[in-house]
file upload-v2.pdb (PDB, C-alpha atoms)
ATOM      1  CA  MET A 161       0.000   0.000   0.000  1.00  0.00           C
ATOM      2  CA  PRO A 162       2.522   2.630  -1.088  1.00  0.00           C
ATOM      3  CA  GLY A 163       1.703   6.151   0.025  1.00  0.00           C
ATOM      4  CA  ARG A 164      -1.183   4.982   2.196  1.00  0.00           C
ATOM      5  CA  ASP A 165      -2.859   7.835   4.045  1.00  0.00           C
ATOM      6  CA  GLY A 166      -5.382   6.414   6.464  1.00  0.00           C
ATOM      7  CA  THR A 167      -8.019   4.772   4.297  1.00  0.00           C
ATOM      8  CA  LYS A 168      -6.695   6.335   1.077  1.00  0.00           C
ATOM      9  CA  LEU A 169      -4.533   4.134  -1.148  1.00  0.00           C
ATOM     10  CA  PRO A 170      -3.213   6.452  -3.893  1.00  0.00           C
ATOM     11  CA  TYR A 171      -1.354   3.641  -5.647  1.00  0.00           C
ATOM     12  CA  GLY A 172      -3.620   0.759  -4.695  1.00  0.00           C
ATOM     13  CA  SER A 173      -2.059  -2.281  -3.081  1.00  0.00           C
ATOM     14  CA  ALA A 174      -0.103  -5.375  -3.994  1.00  0.00           C
ATOM     15  CA  THR A 175       0.421  -8.715  -2.296  1.00  0.00           C
ATOM     16  CA  SER A 176       3.243 -11.204  -2.598  1.00  0.00           C
ATOM     17  CA  THR A 177       4.435 -14.541  -1.284  1.00  0.00           C
ATOM     18  CA  ASN A 178       7.887 -14.098  -2.824  1.00  0.00           C
ATOM     19  CA  PHE A 179      10.508 -13.007  -0.281  1.00  0.00           C
ATOM     20  CA  ARG A 180      14.291 -12.695  -0.062  1.00  0.00           C
ATOM     21  CA  THR A 181      16.707 -12.539   2.852  1.00  0.00           C
ATOM     22  CA  VAL A 182      20.203 -13.781   3.699  1.00  0.00           C
ATOM     23  CA  ASN A 183      21.818 -16.673   5.586  1.00  0.00           C
ATOM     24  CA  GLY A 184      23.044 -14.453   8.430  1.00  0.00           C
ATOM     25  CA  TRP A 185      19.441 -13.687   9.287  1.00  0.00           C
ATOM     26  CA  ILE A 186      17.891 -17.099   8.610  1.00  0.00           C
ATOM     27  CA  ASN A 187      20.538 -19.135  10.414  1.00  0.00           C
ATOM     28  CA  ASN A 188      21.615 -16.822  13.232  1.00  0.00           C
ATOM     29  CA  GLY A 189      19.015 -14.069  13.528  1.00  0.00           C
ATOM     30  CA  SER A 190      21.902 -11.623  13.608  1.00  0.00           C
ATOM     31  CA  GLU A 191      20.781  -7.998  13.688  1.00  0.00           C
ATOM     32  CA  GLU A 192      23.720  -7.160  11.426  1.00  0.00           C
ATOM     33  CA  TYR A 193      21.996  -9.163   8.691  1.00  0.00           C
ATOM     34  CA  ASP A 194      18.441  -8.076   9.421  1.00  0.00           C
ATOM     35  CA  TYR A 195      17.195  -7.125   5.977  1.00  0.00           C
ATOM     36  CA  GLY A 196      15.286  -8.621   3.115  1.00  0.00           C
ATOM     37  CA  ALA A 197      12.968  -7.891   0.248  1.00  0.00           C
ATOM     38  CA  ILE A 198       9.439  -8.543  -0.903  1.00  0.00           C
ATOM     39  CA  ILE A 199       9.341  -9.271  -4.625  1.00  0.00           C
ATOM     40  CA  LEU A 200       6.198  -7.968  -6.324  1.00  0.00           C
ATOM     41  CA  ALA A 201       4.734  -9.645  -9.365  1.00  0.00           C
ATOM     42  CA  THR A 202       3.465  -6.305 -10.638  1.00  0.00           C
ATOM     43  CA  ASP A 203       5.457  -3.370 -12.009  1.00  0.00           C
ATOM     44  CA  LEU A 204       4.171  -1.036  -9.307  1.00  0.00           C
ATOM     45  CA  GLY A 205       7.477   0.848  -9.132  1.00  0.00           C
ATOM     46  CA  SER A 206       7.031   2.263 -12.614  1.00  0.00           C
ATOM     47  CA  THR A 207       4.053   4.181 -11.233  1.00  0.00           C
ATOM     48  CA  THR A 208       5.361   5.136  -7.786  1.00  0.00           C
ATOM     49  CA  GLY A 209       9.012   5.646  -8.713  1.00  0.00           C
ATOM     50  CA  TRP A 210      11.953   4.118  -6.861  1.00  0.00           C
ATOM     51  CA  LEU A 211      14.084   5.114  -3.887  1.00  0.00           C
ATOM     52  CA  GLY A 212      17.805   5.123  -4.558  1.00  0.00           C
ATOM     53  CA  PHE A 213      20.295   3.336  -2.320  1.00  0.00           C
ATOM     54  CA  GLY A 214      24.031   3.495  -1.951  1.00  0.00           C
ATOM     55  CA  VAL A 215      27.158   2.500  -0.024  1.00  0.00           C
ATOM     56  CA  TYR A 216      28.804   5.327   1.924  1.00  0.00           C
ATOM     57  CA  ASP A 217      31.916   5.542   4.081  1.00  0.00           C
ATOM     58  CA  ASP A 218      31.874   6.208   7.830  1.00  0.00           C
ATOM     59  CA  ALA A 219      32.740   9.901   7.573  1.00  0.00           C
ATOM     60  CA  THR A 220      30.015  10.577   5.033  1.00  0.00           C
ATOM     61  CA  LEU A 221      27.394   8.810   7.095  1.00  0.00           C
ATOM     62  CA  THR A 222      28.246  10.458  10.427  1.00  0.00           C
ATOM     63  CA  SER A 223      28.088  13.895   8.815  1.00  0.00           C
ATOM     64  CA  SER A 224      24.749  13.158   7.157  1.00  0.00           C
ATOM     65  CA  VAL A 225      21.188  13.769   8.252  1.00  0.00           C
ATOM     66  CA  GLY A 226      19.252  10.523   8.323  1.00  0.00           C
ATOM     67  CA  ASN A 227      15.599  10.633   7.314  1.00  0.00           C
ATOM     68  CA  ILE A 228      12.898   8.064   8.068  1.00  0.00           C
ATOM     69  CA  SER A 229       9.333   8.059   6.846  1.00  0.00           C
ATOM     70  CA  GLY A 230       7.073   5.221   7.905  1.00  0.00           C
ATOM     71  CA  TYR A 231       3.992   3.975   9.642  1.00  0.00           C
ATOM     72  CA  PRO A 232       4.452   4.022  13.439  1.00  0.00           C
ATOM     73  CA  GLY A 233       1.961   1.897  15.341  1.00  0.00           C
ATOM     74  CA  ASP A 234       1.358   4.544  17.999  1.00  0.00           C
ATOM     75  CA  LYS A 235      -0.222   6.936  15.497  1.00  0.00           C
ATOM     76  CA  PRO A 236      -3.660   6.708  13.805  1.00  0.00           C
ATOM     77  CA  SER A 237      -3.873   3.618  11.650  1.00  0.00           C
ATOM     78  CA  GLY A 238      -2.189   3.784   8.258  1.00  0.00           C
ATOM     79  CA  THR A 239      -0.806   7.305   8.583  1.00  0.00           C
ATOM     80  CA  GLN A 240       2.720   8.117   7.431  1.00  0.00           C
ATOM     81  CA  TRP A 241       5.056  10.090   9.693  1.00  0.00           C
ATOM     82  CA  TYR A 242       8.485  11.560   9.052  1.00  0.00           C
ATOM     83  CA  ALA A 243      11.471  12.470  11.233  1.00  0.00           C
ATOM     84  CA  ALA A 244      15.106  13.356  10.641  1.00  0.00           C
ATOM     85  CA  ARG A 245      18.291  13.832  12.657  1.00  0.00           C
ATOM     86  CA  THR A 246      22.031  13.620  12.160  1.00  0.00           C
ATOM     87  CA  ILE A 247      23.316  10.056  12.204  1.00  0.00           C
ATOM     88  CA  ALA A 248      24.972   9.382  15.570  1.00  0.00           C
ATOM     89  CA  SER A 249      27.456   6.624  14.801  1.00  0.00           C
ATOM     90  CA  VAL A 250      28.185   3.667  12.587  1.00  0.00           C
ATOM     91  CA  ALA A 251      29.612   0.169  12.879  1.00  0.00           C
ATOM     92  CA  ALA A 252      30.756  -2.186  10.177  1.00  0.00           C
ATOM     93  CA  ARG A 253      27.212  -3.348   9.425  1.00  0.00           C
ATOM     94  CA  LYS A 254      25.045  -1.026  11.531  1.00  0.00           C
ATOM     95  CA  VAL A 255      23.934   2.601  11.551  1.00  0.00           C
ATOM     96  CA  PHE A 256      22.847   4.231  14.832  1.00  0.00           C
ATOM     97  CA  TYR A 257      20.652   7.308  15.203  1.00  0.00           C
ATOM     98  CA  ASP A 258      18.181   9.085  17.466  1.00  0.00           C
ATOM     99  CA  ILE A 259      15.571   9.615  14.763  1.00  0.00           C
ATOM    100  CA  ASP A 260      12.170   9.188  16.388  1.00  0.00           C
ATOM    101  CA  THR A 261      10.549   5.867  15.462  1.00  0.00           C
ATOM    102  CA  ALA A 262       8.019   3.415  16.890  1.00  0.00           C
ATOM    103  CA  GLY A 263       6.965  -0.167  16.351  1.00  0.00           C
ATOM    104  CA  GLY A 264       5.770  -0.686  12.805  1.00  0.00           C
ATOM    105  CA  GLN A 265       8.534   1.301  11.136  1.00  0.00           C
ATOM    106  CA  SER A 266      10.968  -1.552  10.661  1.00  0.00           C
ATOM    107  CA  GLY A 267      11.806  -1.933   7.009  1.00  0.00           C
ATOM    108  CA  SER A 268      11.645   1.797   6.345  1.00  0.00           C
ATOM    109  CA  ALA A 269      14.625   3.232   4.561  1.00  0.00           C
ATOM    110  CA  VAL A 270      17.042   5.437   6.472  1.00  0.00           C
ATOM    111  CA  TYR A 271      17.964   7.829   3.698  1.00  0.00           C
ATOM    112  CA  ARG A 272      20.153  10.797   2.832  1.00  0.00           C
ATOM    113  CA  ILE A 273      18.985  13.646   0.639  1.00  0.00           C
ATOM    114  CA  VAL A 274      21.629  14.714  -1.883  1.00  0.00           C
ATOM    115  CA  SER A 275      20.775  17.470  -4.371  1.00  0.00           C
ATOM    116  CA  GLY A 276      17.103  16.729  -3.895  1.00  0.00           C
ATOM    117  CA  ASN A 277      17.520  13.003  -4.477  1.00  0.00           C
ATOM    118  CA  ARG A 278      16.948  10.360  -1.811  1.00  0.00           C
ATOM    119  CA  TYR A 279      19.383   7.492  -1.217  1.00  0.00           C
ATOM    120  CA  ALA A 280      18.857   4.763   1.393  1.00  0.00           C
ATOM    121  CA  VAL A 281      21.896   4.108   3.586  1.00  0.00           C
ATOM    122  CA  ALA A 282      20.311   1.608   5.983  1.00  0.00           C
ATOM    123  CA  VAL A 283      17.171  -0.406   6.636  1.00  0.00           C
ATOM    124  CA  HIS A 284      15.526   0.634   9.895  1.00  0.00           C
ATOM    125  CA  ALA A 285      15.160  -2.339  12.219  1.00  0.00           C
ATOM    126  CA  TYR A 286      15.489  -1.651  15.964  1.00  0.00           C
ATOM    127  CA  GLY A 287      14.176   0.792  18.532  1.00  0.00           C
ATOM    128  CA  GLY A 288      15.697   1.278  21.941  1.00  0.00           C
ATOM    129  CA  SER A 289      15.680   3.468  25.006  1.00  0.00           C
ATOM    130  CA  VAL A 290      19.184   4.729  24.182  1.00  0.00           C
ATOM    131  CA  THR A 291      19.399   4.697  20.406  1.00  0.00           C
ATOM    132  CA  ASN A 292      17.692   3.330  17.308  1.00  0.00           C
ATOM    133  CA  SER A 293      19.478   1.449  14.595  1.00  0.00           C
ATOM    134  CA  GLY A 294      19.288  -0.034  11.147  1.00  0.00           C
ATOM    135  CA  THR A 295      21.120  -2.511   8.990  1.00  0.00           C
ATOM    136  CA  ARG A 296      23.810  -0.670   7.073  1.00  0.00           C
ATOM    137  CA  ILE A 297      23.869  -0.916   3.293  1.00  0.00           C
ATOM    138  CA  VAL A 298      27.405  -2.161   2.728  1.00  0.00           C
ATOM    139  CA  GLN A 299      28.628  -3.570  -0.558  1.00  0.00           C
ATOM    140  CA  PRO A 300      27.243  -7.127  -0.114  1.00  0.00           C
ATOM    141  CA  VAL A 301      23.861  -5.686   0.919  1.00  0.00           C
ATOM    142  CA  TYR A 302      23.901  -3.374  -2.077  1.00  0.00           C
ATOM    143  CA  ASP A 303      24.794  -6.257  -4.380  1.00  0.00           C
ATOM    144  CA  ASN A 304      21.987  -8.406  -3.000  1.00  0.00           C
ATOM    145  CA  MET A 305      19.445  -5.635  -3.386  1.00  0.00           C
ATOM    146  CA  LEU A 306      20.501  -5.123  -6.978  1.00  0.00           C
ATOM    147  CA  ALA A 307      20.328  -8.840  -7.688  1.00  0.00           C
ATOM    148  CA  TRP A 308      16.904  -9.179  -6.055  1.00  0.00           C
ATOM    149  CA  ARG A 309      15.561  -6.285  -8.102  1.00  0.00           C
ATOM    150  CA  THR A 310      16.122  -8.036 -11.410  1.00  0.00           C
TER     151      THR A 310
ATOM    152  CA  MET B 165       6.546 -16.177  23.257  1.00  0.00           C
ATOM    153  CA  ILE B 166       3.870 -13.796  24.460  1.00  0.00           C
ATOM    154  CA  GLN B 167       0.291 -14.431  23.410  1.00  0.00           C
ATOM    155  CA  GLY B 168      -2.674 -12.310  24.220  1.00  0.00           C
ATOM    156  CA  GLU B 169      -5.945 -10.765  23.297  1.00  0.00           C
ATOM    157  CA  VAL B 170      -7.179  -7.212  23.143  1.00  0.00           C
ATOM    158  CA  VAL B 171     -10.776  -6.455  24.140  1.00  0.00           C
ATOM    159  CA  ASP B 172     -12.868  -3.344  24.533  1.00  0.00           C
ATOM    160  CA  ASP B 173     -14.611  -2.157  27.706  1.00  0.00           C
ATOM    161  CA  ARG B 174     -17.429  -4.636  27.075  1.00  0.00           C
ATOM    162  CA  GLY B 175     -15.090  -7.562  26.582  1.00  0.00           C
ATOM    163  CA  ARG B 176     -15.507  -7.667  22.803  1.00  0.00           C
ATOM    164  CA  PRO B 177     -12.408  -8.435  20.700  1.00  0.00           C
ATOM    165  CA  VAL B 178     -10.614  -5.495  19.085  1.00  0.00           C
ATOM    166  CA  PRO B 179      -9.259  -6.510  15.662  1.00  0.00           C
ATOM    167  CA  ASP B 180      -6.402  -4.617  13.999  1.00  0.00           C
ATOM    168  CA  ALA B 181      -5.097  -3.220  17.281  1.00  0.00           C
ATOM    169  CA  ARG B 182      -1.374  -2.493  17.112  1.00  0.00           C
ATOM    170  CA  VAL B 183       0.722  -4.263  19.746  1.00  0.00           C
ATOM    171  CA  MET B 184       4.359  -3.322  20.178  1.00  0.00           C
ATOM    172  CA  VAL B 185       7.190  -3.940  22.607  1.00  0.00           C
ATOM    173  CA  VAL B 186       8.467  -0.668  24.046  1.00  0.00           C
ATOM    174  CA  SER B 187      11.041  -2.058  26.464  1.00  0.00           C
ATOM    175  CA  GLY B 188      12.611  -5.383  27.240  1.00  0.00           C
ATOM    176  CA  PRO B 189      15.875  -7.282  27.374  1.00  0.00           C
ATOM    177  CA  GLY B 190      18.074  -7.113  24.317  1.00  0.00           C
ATOM    178  CA  PRO B 191      17.529  -5.252  21.066  1.00  0.00           C
ATOM    179  CA  LEU B 192      13.888  -4.641  20.223  1.00  0.00           C
ATOM    180  CA  ALA B 193      12.698  -5.008  16.664  1.00  0.00           C
ATOM    181  CA  ASP B 194      10.691  -1.901  15.755  1.00  0.00           C
ATOM    182  CA  VAL B 195       7.644  -3.868  14.726  1.00  0.00           C
ATOM    183  CA  ALA B 196       3.954  -3.742  15.553  1.00  0.00           C
ATOM    184  CA  MET B 197       1.747  -6.826  15.498  1.00  0.00           C
ATOM    185  CA  LEU B 198      -1.866  -6.471  14.390  1.00  0.00           C
ATOM    186  CA  THR B 199      -4.512  -8.370  16.331  1.00  0.00           C
ATOM    187  CA  ASP B 200      -6.609 -10.792  14.290  1.00  0.00           C
ATOM    188  CA  GLY B 201     -10.379 -10.848  13.958  1.00  0.00           C
ATOM    189  CA  ASP B 202     -10.664 -12.338  17.456  1.00  0.00           C
ATOM    190  CA  GLY B 203      -8.430  -9.655  18.950  1.00  0.00           C
ATOM    191  CA  ARG B 204      -5.588 -12.142  19.424  1.00  0.00           C
ATOM    192  CA  PHE B 205      -1.869 -11.607  18.871  1.00  0.00           C
ATOM    193  CA  THR B 206       1.411 -13.476  19.249  1.00  0.00           C
ATOM    194  CA  LEU B 207       4.819 -11.933  19.811  1.00  0.00           C
ATOM    195  CA  GLY B 208       7.658 -14.277  18.903  1.00  0.00           C
ATOM    196  CA  LEU B 209       9.959 -13.292  21.761  1.00  0.00           C
ATOM    197  CA  ASP B 210      12.378 -15.874  23.106  1.00  0.00           C
ATOM    198  CA  GLN B 211      14.536 -14.004  25.627  1.00  0.00           C
ATOM    199  CA  ALA B 212      13.474 -14.282  29.266  1.00  0.00           C
ATOM    200  CA  GLY B 213      12.866 -11.065  31.161  1.00  0.00           C
ATOM    201  CA  HIS B 214      10.477  -8.196  31.701  1.00  0.00           C
ATOM    202  CA  TYR B 215       8.747  -6.664  28.719  1.00  0.00           C
ATOM    203  CA  GLN B 216       6.588  -3.577  28.480  1.00  0.00           C
ATOM    204  CA  LEU B 217       3.928  -3.710  25.763  1.00  0.00           C
ATOM    205  CA  ALA B 218       1.941  -0.810  24.342  1.00  0.00           C
ATOM    206  CA  VAL B 219      -1.384  -1.314  22.605  1.00  0.00           C
ATOM    207  CA  HIS B 220      -3.002   1.215  20.279  1.00  0.00           C
ATOM    208  CA  ALA B 221      -6.291   1.031  18.401  1.00  0.00           C
ATOM    209  CA  ASP B 222      -8.313   3.670  16.610  1.00  0.00           C
ATOM    210  CA  GLY B 223     -11.272   4.829  18.715  1.00  0.00           C
ATOM    211  CA  HIS B 224      -9.741   3.558  21.942  1.00  0.00           C
ATOM    212  CA  GLU B 225      -7.428   4.888  24.588  1.00  0.00           C
ATOM    213  CA  SER B 226      -3.957   3.371  24.416  1.00  0.00           C
ATOM    214  CA  ALA B 227      -2.887   0.896  27.080  1.00  0.00           C
ATOM    215  CA  SER B 228       0.354  -0.382  28.530  1.00  0.00           C
ATOM    216  CA  VAL B 229       0.981  -3.766  30.127  1.00  0.00           C
ATOM    217  CA  SER B 230       3.973  -5.440  31.793  1.00  0.00           C
ATOM    218  CA  VAL B 231       4.777  -9.054  31.038  1.00  0.00           C
ATOM    219  CA  HIS B 232       7.435 -11.320  32.530  1.00  0.00           C
ATOM    220  CA  LEU B 233       8.608 -13.999  30.157  1.00  0.00           C
ATOM    221  CA  SER B 234      10.383 -16.940  31.756  1.00  0.00           C
ATOM    222  CA  GLY B 235      12.247 -19.614  29.863  1.00  0.00           C
ATOM    223  CA  ASP B 236      10.258 -21.475  27.256  1.00  0.00           C
ATOM    224  CA  GLN B 237       6.930 -20.690  28.909  1.00  0.00           C
ATOM    225  CA  ALA B 238       4.397 -18.887  26.750  1.00  0.00           C
ATOM    226  CA  ASP B 239       2.854 -16.040  28.688  1.00  0.00           C
ATOM    227  CA  THR B 240      -0.694 -14.898  28.044  1.00  0.00           C
ATOM    228  CA  VAL B 241      -2.039 -11.410  28.614  1.00  0.00           C
ATOM    229  CA  ARG B 242      -5.453  -9.792  28.220  1.00  0.00           C
ATOM    230  CA  VAL B 243      -5.535  -6.092  27.471  1.00  0.00           C
ATOM    231  CA  ARG B 244      -8.718  -4.073  27.914  1.00  0.00           C
ATOM    232  CA  LEU B 245      -9.009  -0.795  26.031  1.00  0.00           C
ATOM    233  CA  ALA B 246     -11.286   2.029  27.125  1.00  0.00           C
ATOM    234  CA  PRO B 247     -13.177   3.954  24.454  1.00  0.00           C
ATOM    235  CA  VAL B 248     -12.150   7.470  23.538  1.00  0.00           C
ATOM    236  CA  LEU B 249     -14.728   9.774  25.087  1.00  0.00           C
ATOM    237  CA  GLY B 250     -15.984  13.031  23.698  1.00  0.00           C
TER     238      GLY B 250
END
call {"tool": "encode", "arguments": {"input": "upload-v2.pdb", "output": "structure tokens"}}
result
Amino acid sequence: MPGRDGTKLPYGSATSTNFRTVNGWINNGSEEYDYGAIILATDLGSTTGWLGFGVYDDATLTSSVGNISGYPGDKPSGTQWYAARTIASVAARKVFYDIDTAGGQSGSAVYRIVSGNRYAVAVHAYGGSVTNSGTRIVQPVYDNMLAWRT
Amino acid sequence: MIQGEVVDDRGRPVPDARVMVVSGPGPLADVAMLTDGDGRFTLGLDQAGHYQLAVHADGHESASVSVHLSGDQADTVRVRLAPVLG
């Protein structure tokens, strides 16, 4: 239901039973490998457009503002909310930030805005009392996402 | 595992309520489970400890409930939501 706004579905909806993830998640449940994809049978992206994604070094990420838009479960049903804040820190396969999120927003992109274009740098996954975090898009993640797209 | 049901002030099931873990041991996936048509939900948690759940549903006041999960025991909770007045 891309772009859902309460009961309004501007792009309709799609369902799928075709999923992708990686061994590090399936076998170990490691939060460093907590990402995946839902493969749609329809060409919905040609109508909605696509979000970019990229691999960035530590210095670039920690000097960037991270943006998250998603569907937090503590807000009225099906409403999209947005927040942004400078990325706090990074690890080899994680990105940490204090961008406000709530349950239901996992899977949202954590994205940078560069010259008006949006590029995902991580996949939001965890909330916490100290910091929130997502799975960093490093080269193997990037490669998988490209491969899954085709 | 934590299982439960969400009901309204008359004891009727509340479907599509959003149940989320707001505190607990270990990293917390930022997910929200939707209750089914009978108001029931299951949270696939496997780490023992104290969890704080929040429950939200349109037309109802939000609620919070504490759950202690021990070992492999499945814990069951019942959450009653008051209607929004006014």
call {"tool": "interface_residues", "arguments": {"input": "upload-v2.pdb", "of": "chain B", "to": "chain A", "cutoff": "7 Å", "atoms": "all atoms listed in the file", "output": "PyMOL selection string"}}
result
chain B and resi 182+184+191-196+220+222
call {"tool": "atom_distance", "arguments": {"input": "upload-v2.pdb", "atom1": "CA of Leu221 (chain A)", "atom2": "CA of Asp258 (chain A)"}}
result
13.9 Å
call {"tool": "atom_distance", "arguments": {"input": "upload-v2.pdb", "atom1": "CA of Gly213 (chain B)", "atom2": "CA of Gly189 (chain A)"}}
result
18.9 Å
call {"tool": "atom_distance", "arguments": {"input": "upload-v2.pdb", "atom1": "CA of Thr167 (chain A)", "atom2": "CA of Ala280 (chain A)"}}
result
27.0 Å
call {"tool": "resolve_selection", "arguments": {"input": "upload-v2.pdb", "expression": "the PyMOL selection byres ((chain A and resi 296) around 12)", "output": "JSON, numbers by chain"}}
result
{"A": [191, 192, 193, 194, 195, 213, 214, 215, 216, 217, 218, 221, 247, 249, 250, 251, 252, 253, 254, 255, 256, 257, 269, 270, 271, 280, 281, 282, 283, 284, 285, 293, 294, 295, 297, 298, 299, 300, 301, 302]}
call {"tool": "write_last_selection", "arguments": {"input": "upload-v2.pdb", "atoms": "C-alpha atoms", "output": "mmCIF file, in the frame of the given file"}}
result
data_model
loop_
_atom_site.group_PDB
_atom_site.id
_atom_site.type_symbol
_atom_site.label_atom_id
_atom_site.label_comp_id
_atom_site.auth_asym_id
_atom_site.auth_seq_id
_atom_site.Cartn_x
_atom_site.Cartn_y
_atom_site.Cartn_z
ATOM 1 C CA GLU A 191 20.781 -7.998 13.688
ATOM 2 C CA GLU A 192 23.720 -7.160 11.426
ATOM 3 C CA TYR A 193 21.996 -9.163 8.691
ATOM 4 C CA ASP A 194 18.441 -8.076 9.421
ATOM 5 C CA TYR A 195 17.195 -7.125 5.977
ATOM 6 C CA PHE A 213 20.295 3.336 -2.320
ATOM 7 C CA GLY A 214 24.031 3.495 -1.951
ATOM 8 C CA VAL A 215 27.158 2.500 -0.024
ATOM 9 C CA TYR A 216 28.804 5.327 1.924
ATOM 10 C CA ASP A 217 31.916 5.542 4.081
ATOM 11 C CA ASP A 218 31.874 6.208 7.830
ATOM 12 C CA LEU A 221 27.394 8.810 7.095
ATOM 13 C CA ILE A 247 23.316 10.056 12.204
ATOM 14 C CA SER A 249 27.456 6.624 14.801
ATOM 15 C CA VAL A 250 28.185 3.667 12.587
ATOM 16 C CA ALA A 251 29.612 0.169 12.879
ATOM 17 C CA ALA A 252 30.756 -2.186 10.177
ATOM 18 C CA ARG A 253 27.212 -3.348 9.425
ATOM 19 C CA LYS A 254 25.045 -1.026 11.531
ATOM 20 C CA VAL A 255 23.934 2.601 11.551
ATOM 21 C CA PHE A 256 22.847 4.231 14.832
ATOM 22 C CA TYR A 257 20.652 7.308 15.203
ATOM 23 C CA ALA A 269 14.625 3.232 4.561
ATOM 24 C CA VAL A 270 17.042 5.437 6.472
ATOM 25 C CA TYR A 271 17.964 7.829 3.698
ATOM 26 C CA ALA A 280 18.857 4.763 1.393
ATOM 27 C CA VAL A 281 21.896 4.108 3.586
ATOM 28 C CA ALA A 282 20.311 1.608 5.983
ATOM 29 C CA VAL A 283 17.171 -0.406 6.636
ATOM 30 C CA HIS A 284 15.526 0.634 9.895
ATOM 31 C CA ALA A 285 15.160 -2.339 12.219
ATOM 32 C CA SER A 293 19.478 1.449 14.595
ATOM 33 C CA GLY A 294 19.288 -0.034 11.147
ATOM 34 C CA THR A 295 21.120 -2.511 8.990
ATOM 35 C CA ILE A 297 23.869 -0.916 3.293
ATOM 36 C CA VAL A 298 27.405 -2.161 2.728
ATOM 37 C CA GLN A 299 28.628 -3.570 -0.558
ATOM 38 C CA PRO A 300 27.243 -7.127 -0.114
ATOM 39 C CA VAL A 301 23.861 -5.686 0.919
ATOM 40 C CA TYR A 302 23.901 -3.374 -2.077
#
call {"tool": "resolve_selection", "arguments": {"input": "upload-v2.pdb", "expression": "the PyMOL selection byres ((chain B and resi 201) around 12)", "output": "list in words"}}
result
Glu169, Val170, Val171, Arg176, Pro177, Val178, Pro179, Asp180, Ala181, Leu198, Thr199, Asp200, Asp202, Gly203, Arg204 and Phe205 of chain B
call {"tool": "residues_around", "arguments": {"input": "upload-v2.pdb", "residues": "Ile259 (chain A)", "least_positions_apart": "3", "cutoff": "9 Å", "atoms": "all atoms listed in the file", "output": "VMD selection string"}}
result
chain A and resid 226 to 228 243 to 247 291 to 292
call {"tool": "write_last_selection", "arguments": {"input": "upload-v2.pdb", "atoms": "C-alpha atoms", "output": "mmCIF file, in the coordinates of the input"}}
result
data_model
loop_
_atom_site.group_PDB
_atom_site.id
_atom_site.type_symbol
_atom_site.label_atom_id
_atom_site.label_comp_id
_atom_site.auth_asym_id
_atom_site.auth_seq_id
_atom_site.Cartn_x
_atom_site.Cartn_y
_atom_site.Cartn_z
ATOM 1 C CA GLY A 226 19.252 10.523 8.323
ATOM 2 C CA ASN A 227 15.599 10.633 7.314
ATOM 3 C CA ILE A 228 12.898 8.064 8.068
ATOM 4 C CA ALA A 243 11.471 12.470 11.233
ATOM 5 C CA ALA A 244 15.106 13.356 10.641
ATOM 6 C CA ARG A 245 18.291 13.832 12.657
ATOM 7 C CA THR A 246 22.031 13.620 12.160
ATOM 8 C CA ILE A 247 23.316 10.056 12.204
ATOM 9 C CA THR A 291 19.399 4.697 20.406
ATOM 10 C CA ASN A 292 17.692 3.330 17.308
#
call {"tool": "resolve_selection", "arguments": {"input": "upload-v2.pdb", "expression": "the PyMOL selection byres ((chain B and resi 207) around 10)", "output": "list in words"}}
result
Met165, Ile166, Gln167, Gly168, Val183, Met184, Val185, Val195, Ala196, Met197, Phe205, Thr206, Gly208, Leu209, Asp210, Ala238 and Asp239 of chain B
call {"tool": "closest_residue", "arguments": {"input": "upload-v2.pdb", "among": "A:Asp260, A:Gly230, A:Ser190, A:Gly212", "to": "Asn277 (chain A)", "atoms": "only C-alpha atoms"}}
result
A:Gly212
call {"tool": "residues_near_point", "arguments": {"input": "upload-v2.pdb", "point": "(6.4, -10.2, -6.3)", "cutoff": "8 Å", "atoms": "all atoms listed in the file", "output": "MDAnalysis selection string"}}
result
chainID A and resid 175:179 198:202
call {"tool": "residues_near_point", "arguments": {"input": "upload-v2.pdb", "point": "(14.2, -4.5, -7.3)", "cutoff": "9 Å", "atoms": "only C-alpha atoms", "output": "VMD selection string"}}
result
chain A and resid 197 to 200 205 210 305 to 310
call {"tool": "closest_residue", "arguments": {"input": "upload-v2.pdb", "among": "A:Arg272, A:Gly196, A:Trp241, A:Tyr171", "to": "Thr220 (chain A)", "atoms": "all atoms listed in the file"}}
result
A:Arg272
call {"tool": "build_atoms", "arguments": {"input": "upload-v2.pdb", "residues": "region 166-172 of chain A", "atoms": "N, CA and C atoms", "output": "short mmCIF file (atom, residue, chain, number, x, y, z; two decimals), in the coordinates of the input"}}
result
data_model
loop_
_atom_site.label_atom_id
_atom_site.label_comp_id
_atom_site.auth_asym_id
_atom_site.auth_seq_id
_atom_site.Cartn_x
_atom_site.Cartn_y
_atom_site.Cartn_z
N GLY A 166 -4.15 6.84 5.82
CA GLY A 166 -5.38 6.41 6.46
C GLY A 166 -6.07 5.38 5.60
N THR A 167 -7.28 5.71 5.15
CA THR A 167 -8.02 4.77 4.30
C THR A 167 -7.76 5.00 2.81
N LYS A 168 -6.98 6.03 2.49
CA LYS A 168 -6.70 6.34 1.08
C LYS A 168 -5.48 5.54 0.60
N LEU A 169 -5.62 4.91 -0.55
CA LEU A 169 -4.53 4.13 -1.15
C LEU A 169 -4.24 4.71 -2.54
N PRO A 170 -3.40 5.75 -2.62
CA PRO A 170 -3.21 6.45 -3.89
C PRO A 170 -2.64 5.58 -5.00
N TYR A 171 -1.93 4.53 -4.64
CA TYR A 171 -1.35 3.64 -5.65
C TYR A 171 -1.93 2.23 -5.54
N GLY A 172 -3.04 2.09 -4.86
CA GLY A 172 -3.62 0.76 -4.70
C GLY A 172 -2.78 -0.09 -3.75
#
